[in-house]
$ cat run00.txt   # compact mmCIF, C-alpha atoms and all ligand atoms
# COMPACT_ATOMS: atom_id res chain seq x y z
CA MET W 1 52.94 138.13 117.48
CA ALA W 2 50.64 136.08 115.33
CA LEU W 3 48.06 138.26 113.70
CA VAL W 4 46.15 135.42 112.26
CA ARG W 5 46.44 131.96 113.64
CA GLY W 6 44.77 128.61 113.66
CA PHE W 7 43.06 128.58 110.32
CA LEU W 8 40.51 125.81 110.33
CA GLY W 9 40.42 125.61 106.60
CA LEU W 10 38.85 127.60 103.88
CA ALA W 11 35.63 128.19 105.79
CA ALA W 12 37.55 130.47 108.10
CA ALA W 13 39.21 132.37 105.30
CA CYS W 14 36.70 135.18 105.20
CA ARG W 15 37.02 135.91 108.90
CA ASP W 16 40.77 135.78 108.71
CA PHE W 17 40.82 137.95 105.67
CA CYS W 18 38.97 140.63 107.63
CA VAL W 19 41.46 140.38 110.49
CA LEU W 20 44.20 140.73 107.96
CA VAL W 21 42.78 143.80 106.32
CA VAL W 22 42.46 145.48 109.67
CA PHE W 23 45.90 144.58 110.92
CA VAL W 24 48.19 144.59 107.97
CA LEU W 25 49.16 148.15 107.56
CA VAL W 26 49.85 148.96 103.97
CA VAL W 27 51.64 152.25 104.09
CA HIS W 28 52.68 152.07 100.50
CA PRO W 29 50.41 154.26 98.40
CA HIS W 30 49.65 152.39 95.23
CA ARG W 31 50.45 154.45 92.25
CA ALA W 32 47.93 153.92 89.53
CA ASP W 33 50.52 155.26 87.10
CA GLY W 34 53.12 152.71 88.20
CA PHE W 35 54.46 150.51 85.46
CA SER W 36 53.57 147.44 83.54
CA ARG W 37 55.90 146.18 80.86
CA GLY W 38 59.02 147.77 82.20
CA PHE W 39 60.07 148.68 85.70
CA PHE W 40 59.39 152.32 85.09
CA ALA W 41 57.48 152.60 81.82
CA PRO W 42 54.13 154.28 82.38
CA SER W 43 51.54 151.55 82.15
CA LYS W 44 48.42 151.41 80.06
CA GLY W 45 46.20 148.62 81.35
CA VAL W 46 46.97 149.06 85.00
CA VAL W 47 46.31 146.23 87.36
CA ILE W 48 46.29 147.28 90.98
CA PRO W 49 48.52 145.00 93.04
CA PRO W 50 46.85 143.28 95.96
CA VAL W 51 46.71 145.38 99.09
CA ALA W 52 45.74 142.52 101.36
CA GLY W 53 48.58 140.55 102.91
CA ILE W 54 50.48 137.88 101.06
CA CYS W 55 48.53 135.06 102.74
CA ALA W 56 45.18 136.40 101.59
CA ALA W 57 46.34 137.45 98.14
CA SER W 58 48.49 134.52 97.12
CA VAL W 59 48.31 131.54 99.43
CA ILE W 60 44.87 130.90 100.93
CA VAL W 61 43.29 131.19 97.49
CA HIS W 62 45.17 128.04 96.53
CA GLY W 63 43.83 126.05 99.46
CA TYR W 64 46.78 126.33 101.81
CA LYS W 65 46.66 127.46 105.41
CA CYS W 66 48.62 130.61 105.97
CA GLN W 67 49.36 132.81 108.95
CA GLU W 68 50.52 136.41 108.99
CA HIS W 69 53.11 137.17 111.67
CA GLU W 70 55.02 140.24 112.75
CA VAL W 71 58.58 140.43 113.98
CA THR W 72 60.12 143.54 115.49
CA THR W 73 63.84 143.96 115.01
CA GLN W 74 66.12 145.31 117.72
CA ASP W 75 66.34 148.58 115.83
CA GLY W 76 62.56 148.90 115.68
CA TYR W 77 61.50 147.72 112.22
CA ILE W 78 58.29 145.72 112.14
CA LEU W 79 58.63 142.97 109.55
CA SER W 80 55.88 140.85 108.13
CA LEU W 81 56.40 137.14 107.94
CA GLN W 82 54.10 134.50 106.47
CA ARG W 83 53.83 130.92 107.60
CA ILE W 84 52.44 128.03 105.59
CA PRO W 85 52.41 125.38 108.30
CA GLU W 86 51.60 122.42 106.09
CA GLY W 87 50.81 121.27 102.58
CA ARG W 88 47.43 120.98 100.91
CA VAL W 89 47.33 117.32 101.59
CA VAL W 90 48.08 116.94 105.28
CA ARG W 91 50.23 113.93 105.87
CA ASN W 92 49.48 111.56 108.66
CA ASP W 93 52.78 112.00 110.43
CA ALA W 94 51.57 112.90 113.89
CA GLY W 95 54.43 113.02 116.33
CA ASN W 96 56.84 114.07 113.64
CA LYS W 97 57.42 117.77 113.99
CA ARG W 98 57.56 119.53 110.68
CA GLN W 99 60.93 120.89 109.70
CA PRO W 100 60.81 124.72 109.53
CA VAL W 101 62.27 126.37 106.44
CA LEU W 102 62.75 130.10 106.05
CA ILE W 103 62.73 131.60 102.56
CA GLN W 104 64.47 134.93 102.06
CA HIS W 105 64.04 136.99 98.88
CA GLY W 106 66.59 139.31 97.28
CA VAL W 107 66.90 143.06 96.80
CA LEU W 108 64.13 145.12 95.16
CA VAL W 109 61.54 142.37 95.57
CA ASP W 110 59.52 141.00 98.50
CA GLY W 111 58.07 137.69 99.69
CA MET W 112 55.34 137.88 97.08
CA THR W 113 57.90 137.14 94.42
CA TRP W 114 57.91 133.44 95.42
CA PHE W 115 54.20 133.06 94.67
CA LEU W 116 54.03 134.25 91.08
CA ASN W 117 54.00 130.76 89.62
CA PRO W 118 51.16 128.30 90.27
CA PRO W 119 51.32 126.09 93.42
CA GLU W 120 52.85 123.17 91.55
CA GLN W 121 55.72 125.39 90.41
CA ASN W 122 56.52 127.74 93.29
CA LEU W 123 59.07 127.02 95.98
CA PRO W 124 57.10 127.73 99.19
CA MET W 125 54.17 125.55 98.18
CA ILE W 126 56.40 122.76 96.91
CA LEU W 127 58.18 122.78 100.27
CA ALA W 128 54.86 122.82 102.15
CA ASP W 129 53.59 119.89 100.06
CA ASN W 130 56.80 118.06 100.94
CA GLY W 131 56.00 118.30 104.63
CA PHE W 132 57.91 121.44 105.58
CA ASP W 133 56.69 124.24 107.86
CA VAL W 134 57.36 127.17 105.53
CA TRP W 135 58.16 130.75 106.56
CA ILE W 136 58.45 133.66 104.12
CA ALA W 137 60.50 136.74 105.05
CA ASN W 138 59.89 140.31 103.87
CA THR W 139 62.84 142.66 104.21
CA ARG W 140 62.46 146.10 105.78
CA GLY W 141 61.22 148.73 103.34
CA THR W 142 59.24 146.34 101.12
CA ARG W 143 55.48 146.66 100.79
CA PHE W 144 54.47 144.71 103.89
CA SER W 145 57.44 145.64 106.08
CA ARG W 146 57.20 149.41 106.12
CA ARG W 147 56.51 150.07 109.77
CA HIS W 148 58.75 151.01 112.65
CA THR W 149 58.15 151.45 116.36
CA ALA W 150 59.16 155.14 116.16
CA LEU W 151 59.87 156.17 112.56
CA ASP W 152 57.51 156.80 109.69
CA SER W 153 58.56 155.46 106.29
CA SER W 154 58.08 158.92 104.80
CA ILE W 155 61.11 160.29 106.62
CA PRO W 156 64.73 159.68 105.58
CA ASP W 157 65.73 158.27 109.00
CA PHE W 158 63.55 155.25 108.27
CA TRP W 159 65.87 154.48 105.34
CA ASP W 160 69.19 154.85 107.13
CA TRP W 161 70.39 151.28 106.70
CA SER W 162 72.21 149.05 104.24
CA TRP W 163 72.57 145.28 104.04
CA ASP W 164 74.69 145.46 107.20
CA GLU W 165 71.48 146.05 109.15
CA LEU W 166 69.80 143.13 107.41
CA VAL W 167 72.73 141.04 108.68
CA SER W 168 72.69 142.52 112.20
CA PHE W 169 68.97 142.95 112.77
CA ASP W 170 66.49 141.56 110.22
CA ILE W 171 67.82 138.05 109.81
CA PRO W 172 68.59 137.44 113.51
CA ALA W 173 65.13 138.72 114.53
CA ILE W 174 63.44 136.40 112.06
CA PHE W 175 65.56 133.40 113.07
CA ASP W 176 64.85 134.06 116.76
CA PHE W 177 61.16 134.24 116.03
CA VAL W 178 60.90 131.11 113.90
CA TYR W 179 63.15 129.20 116.29
CA GLY W 180 61.03 130.39 119.21
CA GLN W 181 57.79 129.36 117.52
CA THR W 182 58.94 125.97 116.31
CA GLY W 183 61.65 125.00 118.81
CA GLN W 184 63.60 123.54 115.92
CA LYS W 185 66.69 124.35 113.93
CA ILE W 186 65.84 126.03 110.67
CA ASP W 187 66.53 125.22 107.04
CA TYR W 188 67.19 128.35 105.05
CA VAL W 189 66.69 129.23 101.39
CA GLY W 190 68.10 132.52 100.17
CA HIS W 191 68.04 134.04 96.72
CA SER W 192 70.45 136.76 95.62
CA LEU W 193 70.81 139.34 98.43
CA GLY W 194 69.15 136.71 100.61
CA THR W 195 72.31 134.64 100.19
CA LEU W 196 74.69 137.52 100.85
CA ILE W 197 73.13 138.49 104.16
CA ALA W 198 73.07 134.86 105.29
CA LEU W 199 76.71 134.29 104.39
CA ALA W 200 77.75 137.51 106.11
CA SER W 201 75.80 136.46 109.21
CA PHE W 202 77.36 132.99 109.25
CA SER W 203 80.81 134.54 108.93
CA GLU W 204 80.16 136.41 112.17
CA GLY W 205 79.00 133.26 113.89
CA LYS W 206 75.39 134.42 113.89
CA LEU W 207 72.45 132.10 113.15
CA VAL W 208 74.62 129.01 112.98
CA ASN W 209 73.26 127.67 116.26
CA GLN W 210 69.68 128.01 115.07
CA MET W 211 70.28 126.72 111.59
CA LYS W 212 70.26 123.25 110.17
CA SER W 213 71.33 123.89 106.61
CA ALA W 214 71.20 126.53 103.90
CA ALA W 215 70.36 126.51 100.21
CA LEU W 216 71.83 129.47 98.32
CA LEU W 217 70.20 130.17 94.97
CA SER W 218 71.86 132.56 92.58
CA PRO W 219 74.36 133.41 95.30
CA ILE W 220 75.95 136.81 95.55
CA ALA W 221 78.85 137.66 97.78
CA TYR W 222 81.37 138.99 95.34
CA LEU W 223 80.05 141.26 92.61
CA SER W 224 83.15 142.35 90.79
CA HIS W 225 82.37 140.33 87.65
CA MET W 226 78.86 141.73 87.27
CA ASN W 227 78.78 142.37 83.57
CA THR W 228 75.53 143.94 82.47
CA ALA W 229 76.12 147.38 81.04
CA LEU W 230 73.21 148.77 83.02
CA GLY W 231 74.44 147.21 86.25
CA VAL W 232 77.92 148.55 85.75
CA VAL W 233 76.78 152.08 84.90
CA ALA W 234 74.33 152.08 87.81
CA ALA W 235 76.95 150.83 90.25
CA ARG W 236 79.27 153.62 89.17
CA ALA W 237 76.55 156.23 89.65
CA PHE W 238 75.86 154.92 93.13
CA VAL W 239 79.40 154.97 94.38
CA ASN W 240 80.40 158.30 92.95
CA GLY W 241 77.58 160.07 94.67
CA GLU W 242 75.42 161.06 91.68
CA ILE W 243 72.50 159.17 93.06
CA THR W 244 72.51 160.74 96.51
CA THR W 245 72.41 164.16 94.94
CA ILE W 246 69.25 163.17 93.12
CA LEU W 247 67.51 161.03 95.72
CA GLY W 248 69.03 161.93 99.03
CA LEU W 249 69.95 159.14 101.41
CA ALA W 250 66.38 157.95 101.68
CA GLU W 251 63.98 155.59 100.01
CA PHE W 252 64.96 154.00 96.73
CA ASN W 253 61.58 153.42 95.17
CA PRO W 254 61.93 151.90 91.69
CA LYS W 255 58.33 152.81 90.94
CA GLY W 256 58.76 156.44 91.88
CA GLU W 257 59.50 159.18 89.43
CA PRO W 258 62.98 160.22 90.63
CA VAL W 259 64.34 156.69 90.33
CA GLY W 260 62.53 156.23 87.03
CA ASN W 261 64.20 159.33 85.66
CA PHE W 262 67.54 158.20 87.03
CA LEU W 263 67.19 154.82 85.30
CA LYS W 264 66.15 156.48 82.07
CA SER W 265 69.26 158.63 82.17
CA LEU W 266 71.37 155.49 82.63
CA CYS W 267 69.61 153.83 79.72
CA ALA W 268 70.80 156.64 77.49
CA TYR W 269 74.43 155.52 77.99
CA PRO W 270 76.02 153.90 74.96
CA GLY W 271 75.87 150.12 75.19
CA VAL W 272 73.09 150.08 77.75
CA ASP W 273 70.05 148.34 76.38
CA CYS W 274 66.95 148.93 78.46
CA TYR W 275 64.45 147.56 75.97
CA ASP W 276 63.88 144.64 78.26
CA LEU W 277 64.80 145.87 81.69
CA LEU W 278 64.36 142.57 83.45
CA SER W 279 66.91 140.95 81.15
CA ALA W 280 69.15 143.99 81.27
CA LEU W 281 69.39 143.62 85.04
CA THR W 282 69.20 139.90 85.66
CA GLY W 283 70.55 138.25 82.52
CA LYS W 284 68.94 136.23 79.77
CA ASN W 285 66.42 134.17 81.72
CA CYS W 286 65.68 131.00 79.78
CA CYS W 287 62.49 129.86 81.31
CA LEU W 288 60.05 132.56 82.31
CA ASN W 289 56.37 132.35 81.43
CA ALA W 290 55.11 135.59 79.86
CA SER W 291 52.13 135.72 82.18
CA THR W 292 54.41 135.25 85.18
CA ILE W 293 56.52 138.18 84.02
CA ASP W 294 53.34 140.26 83.87
CA LEU W 295 52.52 139.24 87.43
CA PHE W 296 56.06 140.05 88.47
CA LEU W 297 55.82 143.53 87.03
CA MET W 298 52.51 144.09 88.80
CA ASN W 299 53.98 143.14 92.16
CA GLU W 300 57.60 144.15 91.91
CA PRO W 301 60.00 145.87 92.08
CA GLN W 302 59.87 146.96 95.71
CA SER W 303 61.62 149.71 97.57
CA THR W 304 64.89 149.45 99.37
CA SER W 305 67.13 152.15 100.83
CA THR W 306 69.44 154.18 98.66
CA LYS W 307 72.14 153.41 101.22
CA ASN W 308 71.65 149.70 100.56
CA MET W 309 72.10 150.25 96.82
CA ILE W 310 75.25 152.25 97.49
CA HIS W 311 76.56 149.50 99.72
CA LEU W 312 75.95 146.91 96.99
CA ALA W 313 77.71 149.17 94.51
CA GLN W 314 80.67 149.41 96.90
CA THR W 315 80.71 145.63 97.09
CA ALA W 316 80.85 145.49 93.29
CA ARG W 317 83.57 148.14 93.12
CA ASP W 318 85.82 146.90 95.91
CA GLY W 319 85.68 143.17 95.25
CA ILE W 320 85.55 142.43 98.96
CA LEU W 321 82.76 141.78 101.38
CA ALA W 322 82.92 144.63 103.87
CA LYS W 323 80.63 146.81 105.91
CA TYR W 324 79.24 150.03 104.49
CA ASN W 325 81.95 152.53 103.64
CA TYR W 326 81.15 156.03 104.85
CA GLY W 327 83.56 157.35 102.25
CA ARG W 328 85.91 159.15 104.63
CA PRO W 329 88.38 157.61 107.09
CA ASP W 330 87.18 159.84 109.94
CA TYR W 331 83.54 158.85 109.36
CA ASN W 332 84.52 155.19 109.30
CA VAL W 333 86.45 155.67 112.54
CA MET W 334 83.35 157.23 114.04
CA HIS W 335 81.26 154.18 113.12
CA TYR W 336 83.73 151.34 113.35
CA GLY W 337 86.73 152.62 115.30
CA ILE W 338 88.95 152.01 112.26
CA ALA W 339 89.54 153.92 109.04
CA THR W 340 88.37 151.21 106.66
CA PRO W 341 85.16 149.22 107.09
CA PRO W 342 85.54 145.81 108.79
CA ILE W 343 85.30 142.86 106.42
CA TYR W 344 83.05 139.83 106.57
CA ASN W 345 85.46 136.93 106.32
CA LEU W 346 83.66 134.02 104.68
CA SER W 347 86.46 131.67 105.72
CA ASN W 348 85.00 131.89 109.21
CA ILE W 349 81.82 130.09 108.17
CA PRO W 350 81.78 126.80 110.11
CA HIS W 351 83.13 124.09 107.82
CA ASP W 352 80.49 121.61 108.81
CA LEU W 353 77.51 123.80 107.96
CA PRO W 354 75.52 121.97 105.27
CA LEU W 355 75.37 124.22 102.20
CA PHE W 356 73.72 123.81 98.82
CA VAL W 357 74.75 126.31 96.15
CA SER W 358 72.90 126.59 92.85
CA TYR W 359 74.03 129.06 90.20
CA GLY W 360 73.29 129.81 86.57
CA GLY W 361 75.45 130.25 83.50
CA GLN W 362 73.42 133.23 82.19
CA ASP W 363 73.12 135.11 85.47
CA ALA W 364 74.19 138.73 85.09
CA LEU W 365 74.13 139.54 88.80
CA SER W 366 75.53 136.33 90.18
CA ASP W 367 78.24 136.04 87.57
CA VAL W 368 80.01 132.70 87.23
CA GLY W 369 83.35 134.39 87.96
CA ASP W 370 82.02 135.75 91.24
CA VAL W 371 80.49 132.41 92.21
CA MET W 372 83.93 130.86 91.61
CA LEU W 373 85.40 133.35 94.10
CA LEU W 374 82.68 132.42 96.58
CA LEU W 375 83.29 128.71 96.10
CA ASP W 376 86.99 129.35 96.56
CA SER W 377 86.25 130.67 100.04
CA PHE W 378 84.66 127.27 100.76
CA LYS W 379 87.77 125.34 99.78
CA PHE W 380 88.24 124.11 103.35
CA HIS W 381 84.57 123.28 103.79
CA ASP W 382 83.84 119.65 104.71
CA VAL W 383 83.49 117.97 101.34
CA ASP W 384 80.33 116.11 102.28
CA LYS W 385 78.67 119.29 103.58
CA LEU W 386 78.85 121.26 100.35
CA SER W 387 76.70 120.54 97.28
CA VAL W 388 77.06 122.67 94.18
CA GLN W 389 74.74 122.79 91.19
CA PHE W 390 75.46 124.62 87.94
CA ILE W 391 72.61 125.31 85.52
CA LYS W 392 73.95 126.43 82.20
CA ASP W 393 70.83 128.18 80.86
CA TYR W 394 69.61 129.82 84.05
CA ALA W 395 69.76 133.53 84.84
CA HIS W 396 68.87 135.37 88.03
CA ALA W 397 65.08 135.32 87.81
CA ASP W 398 64.77 131.72 86.61
CA PHE W 399 65.57 130.63 90.16
CA ILE W 400 62.44 132.32 91.54
CA MET W 401 59.97 131.86 88.73
CA GLY W 402 61.31 129.56 86.05
CA VAL W 403 58.58 127.25 84.72
CA ASN W 404 60.93 124.31 85.18
CA ALA W 405 62.53 125.46 88.45
CA LYS W 406 60.71 122.69 90.30
CA ASP W 407 62.35 119.92 88.30
CA ILE W 408 65.71 121.59 87.97
CA VAL W 409 66.23 123.36 91.30
CA TYR W 410 63.52 122.94 93.94
CA ASN W 411 63.49 119.14 93.89
CA GLN W 412 67.24 119.30 94.55
CA VAL W 413 66.67 121.72 97.43
CA VAL W 414 64.08 119.39 98.98
CA ALA W 415 66.37 116.39 98.52
CA PHE W 416 69.29 118.30 100.06
CA PHE W 417 67.27 119.25 103.14
CA LYS W 418 65.95 115.73 103.55
CA ARG W 419 69.47 114.30 103.33
CA GLN W 420 70.45 116.48 106.30
CA TYR W 421 67.82 115.11 108.59
CA SER W 422 68.17 111.54 107.61
CA ALA W 423 71.90 111.95 108.28
C1 LIG A 501 52.06 130.05 81.71
O1 LIG A 501 51.11 130.64 82.55
C2 LIG A 501 49.78 130.47 82.14
C3 LIG A 501 48.89 131.24 83.09
O2 LIG A 501 49.15 130.89 84.43
C4 LIG A 501 49.43 128.99 82.11
O3 LIG A 501 48.12 128.80 81.62
C5 LIG A 501 50.44 128.25 81.23
O4 LIG A 501 50.19 126.88 81.29
C6 LIG A 501 51.85 128.55 81.69
N1 LIG A 501 52.82 127.89 80.83
C7 LIG A 501 53.73 127.05 81.31
C8 LIG A 501 54.70 126.49 80.32
O5 LIG A 501 53.81 126.74 82.49
C1 LIG A 502 90.01 135.29 106.86
O1 LIG A 502 90.17 134.27 107.82
C2 LIG A 502 91.15 133.32 107.47
C3 LIG A 502 91.09 132.17 108.47
O2 LIG A 502 90.32 132.45 109.57
C4 LIG A 502 92.49 134.01 107.44
O3 LIG A 502 93.51 133.08 107.10
C5 LIG A 502 92.45 135.13 106.42
O4 LIG A 502 93.66 135.84 106.43
C6 LIG A 502 91.31 136.06 106.70
N1 LIG A 502 91.20 136.99 105.58
C7 LIG A 502 91.23 138.29 105.75
C8 LIG A 502 91.13 139.11 104.51
O5 LIG A 502 91.33 138.82 106.84

$ encode --input "run00.txt" --output "structure tokens" --more "lines below"
Ligand SMILES: *[C@@H]1O[C@H](CO)[C@@H](O)[C@H](O)[C@H]1NC(C)=O
Ligand SMILES: *[C@@H]1O[C@H](CO)[C@@H](O)[C@H](O)[C@H]1NC(C)=O
Amino acid sequence: MALVRGFLGLAAACRDFCVLVVFVLVVHPHRADGFSRGFFAPSKGVVIPPVAGICAASVIVHGYKCQEHEVTTQDGYILSLQRIPEGRVVRNDAGNKRQPVLIQHGVLVDGMTWFLNPPEQNLPMILADNGFDVWIANTRGTRFSRRHTALDSSIPDFWDWSWDELVSFDIPAIFDFVYGQTGQKIDYVGHSLGTLIALASFSEGKLVNQMKSAALLSPIAYLSHMNTALGVVAARAFVNGEITTILGLAEFNPKGEPVGNFLKSLCAYPGVDCYDLLSALTGKNCCLNASTIDLFLMNEPQSTSTKNMIHLAQTARDGILAKYNYGRPDYNVMHYGIATPPIYNLSNIPHDLPLFVSYGGQDALSDVGDVMLLLDSFKFHDVDKLSVQFIKDYAHADFIMGVNAKDIVYNQVVAFFKRQYSA
């Protein structure tokens, strides 16, 4: 359902803004004592993050049209989705339908994360200005996707999901919606977890009929080479159950006190350097603007489920891509009919699916060794359908907000998509 549609330009923005404020339910209580320099450090000069939707806060202000949409998943989650239907300068290409592109963020952030750099530098607006019909996803549990047809986000049942459910429910619901609205096959851009859930979906034959091509930035599928001390210690705590004792199987809110305390306890481990938490988690980003980092810390990180974090930690521990492990053979049998969780076999991804993979040499989460494993699973992919880009200096966050990401990555993404439809 479109909450806000048919913007007639900036003159209408005030009216639409009002509609937005009424309709976009922001369940998340904004904590004035959130954080500023670090993910969990108590902040001094607090800036309250925008409570209006992403369109009003980050898109319309730059002169772009933007629509807020809602998509309900089969398991009842109501997700917010933004659409930037065209660029600032509307091209005279009547008759040519715009190519839809869906942009999917990673774990612990939301769709807002794509808009932290100015219009000339951020991916959605660059795509819009290149003639694309741009859609921004917001995963369940993040600020603007915290509603459900029956469950309240304050109860643990709301958080009973891992990335398996993003594969089974979120991504298919969003693809169905965008495909239904545009009647066209979709180009996809995923970052981080946004690549994992797409790859897992493709391996099950999902989405491939509604998709044109996919760009995978900072791809994660295998996580066994993840090498940051903090990441390793955290992953261990997740899989051995420490974390569930502290948090319960419920919301994992990085801005909340329990998670903050948990992180602080991890930071006390020898070898774990939390002075700069963003670098500790994502690697040594080469190209972030200090004021963009400030914006990032005002808007992110976002909640996910503890179960999702455990599942990611299992992925790191086990070195295979499998469904959530309930930890006991009988529980797995109950859920899957077999004692070990079923695997997602990436060799099943259709060999003619156009893929663009871009990865960085400094990325702590998408380690080069793990990307090599991923690329190995594409060894039978049609040679002309797979493009790979390696960026020596890039780490995980450079792909979403690097000052030079336009020149280095996004222009390649645009060129890759355009090659597919001239082909
Ligand atoms: C960093 O961000 C500030 C504020 O948006 C801007 O004035 C400055 O030009 C940016 N620097 C670069 C290198 O993009
Ligand atoms: C994945 O699928 C490929 C081909 O379909 C098969 O050869 C391979 O054994 C499978 N891998 C696993 C771990 O099941």

$ residues_near_ligand --input "run00.txt" --ligand "ligand LIG 501 (chain A)" --cutoff "6 Å" --atoms "only C-alpha atoms and all ligand atoms" --output "PyMOL selection string"
chain W and resi 289+291+403

$ closest_residue --input "run00.txt" --among "W:Gly402, W:Thr149, W:Leu199, W:Asn96" --to "Thr292 in chain W" --atoms "all atoms listed in the file"
W:Gly402

$ closest_residue --input "run00.txt" --among "W:Ser347, W:Thr245, W:Ser58, W:Ser201" --to "ligand LIG 502 (chain A)" --atoms "all atoms listed in the file"
W:Ser347

$ residues_near_ligand --input "run00.txt" --ligand "ligand LIG 502 (chain A)" --cutoff "12 Å" --atoms "only C-alpha atoms and all ligand atoms" --output "number ranges by chain"
W: 203-204, 319-322, 342-351, 377-381

$ residues_around --input "run00.txt" --residues "range 178-188 of chain W" --least-positions-apart "5" --cutoff "6 Å" --atoms "all atoms listed in the file" --output "ChimeraX atom specification"
/W:100-102,210-214

$ atom_distance --input "run00.txt" --atom1 "CA of Asp398 in chain W" --atom2 "CA of Phe296 in chain W"
12.2 Å

$ residues_near_point --input "run00.txt" --point "(55.7, 120.0, 100.2)" --cutoff "9 Å" --atoms "all atoms listed in the file" --output "MDAnalysis selection string"
chainID W and resid 86:89 123:133 414

$ axis_aligned_box --input "run00.txt" --around "range 231-234 of chain W" --padding-each-side "8 Å" --output "AutoDock Vina command-line options"
--center_x 76.1 --center_y 149.6 --center_z 86.4 --size_x 19.6 --size_y 20.9 --size_z 18.9

$ closest_residue --input "run00.txt" --among "W:Leu365, W:Asn138, W:Arg143, W:Ala200" --to "Ala229 in chain W" --atoms "only C-alpha atoms"
W:Leu365

$ residues_around --input "run00.txt" --residues "Gln412 in chain W" --least-positions-apart "2" --cutoff "12 Å" --atoms "all atoms listed in the file" --output "compact mmCIF listing (two decimals) with C-alpha atoms, in the frame of the given file"
# COMPACT_ATOMS: atom_id res chain seq x y z
CA LEU W 123 59.07 127.02 95.98
CA ILE W 126 56.40 122.76 96.91
CA LEU W 127 58.18 122.78 100.27
CA ALA W 215 70.36 126.51 100.21
CA LEU W 216 71.83 129.47 98.32
CA LEU W 217 70.20 130.17 94.97
CA PHE W 356 73.72 123.81 98.82
CA VAL W 357 74.75 126.31 96.15
CA SER W 358 72.90 126.59 92.85
CA SER W 387 76.70 120.54 97.28
CA VAL W 388 77.06 122.67 94.18
CA GLN W 389 74.74 122.79 91.19
CA PHE W 390 75.46 124.62 87.94
CA ALA W 405 62.53 125.46 88.45
CA LYS W 406 60.71 122.69 90.30
CA ASP W 407 62.35 119.92 88.30
CA ILE W 408 65.71 121.59 87.97
CA VAL W 409 66.23 123.36 91.30
CA TYR W 410 63.52 122.94 93.94
CA VAL W 414 64.08 119.39 98.98
CA ALA W 415 66.37 116.39 98.52
CA PHE W 416 69.29 118.30 100.06
CA PHE W 417 67.27 119.25 103.14
CA LYS W 418 65.95 115.73 103.55
CA ARG W 419 69.47 114.30 103.33

$ residues_near_point --input "run00.txt" --point "(74.6, 138.6, 86.9)" --cutoff "9 Å" --atoms "only C-alpha atoms" --output "PyMOL selection string"
chain W and resi 218+220+223+225-228+231+281-283+360+362-368+395-396

$ atom_distance --input "run00.txt" --atom1 "CA of Trp135 in chain W" --atom2 "CA of Pro85 in chain W"
8.1 Å

$ closest_residue --input "run00.txt" --among "W:Tyr77, W:Val189, W:Tyr359, W:His105" --to "Asp152 in chain W" --atoms "all atoms listed in the file"
W:Tyr77

$ closest_residue --input "run00.txt" --among "W:Ala52, W:Ala250, W:Ala234, W:Leu297" --to "Leu266 in chain W" --atoms "all atoms listed in the file"
W:Ala234

$ atom_distance --input "run00.txt" --atom1 "CA of Val413 in chain W" --atom2 "CA of Ile103 in chain W"
11.8 Å

$ closest_residue --input "run00.txt" --among "W:Ala198, W:Ala280, W:Leu230, W:Ile174" --to "Thr72 in chain W" --atoms "all atoms listed in the file"
W:Ile174

$ residues_around --input "run00.txt" --residues "Tyr324 in chain W" --least-positions-apart "6" --cutoff "12 Å" --atoms "all atoms listed in the file" --output "MDAnalysis selection string"
chainID W and resid 160:165 167 239 307:315 318 331:332 335:336 339:344
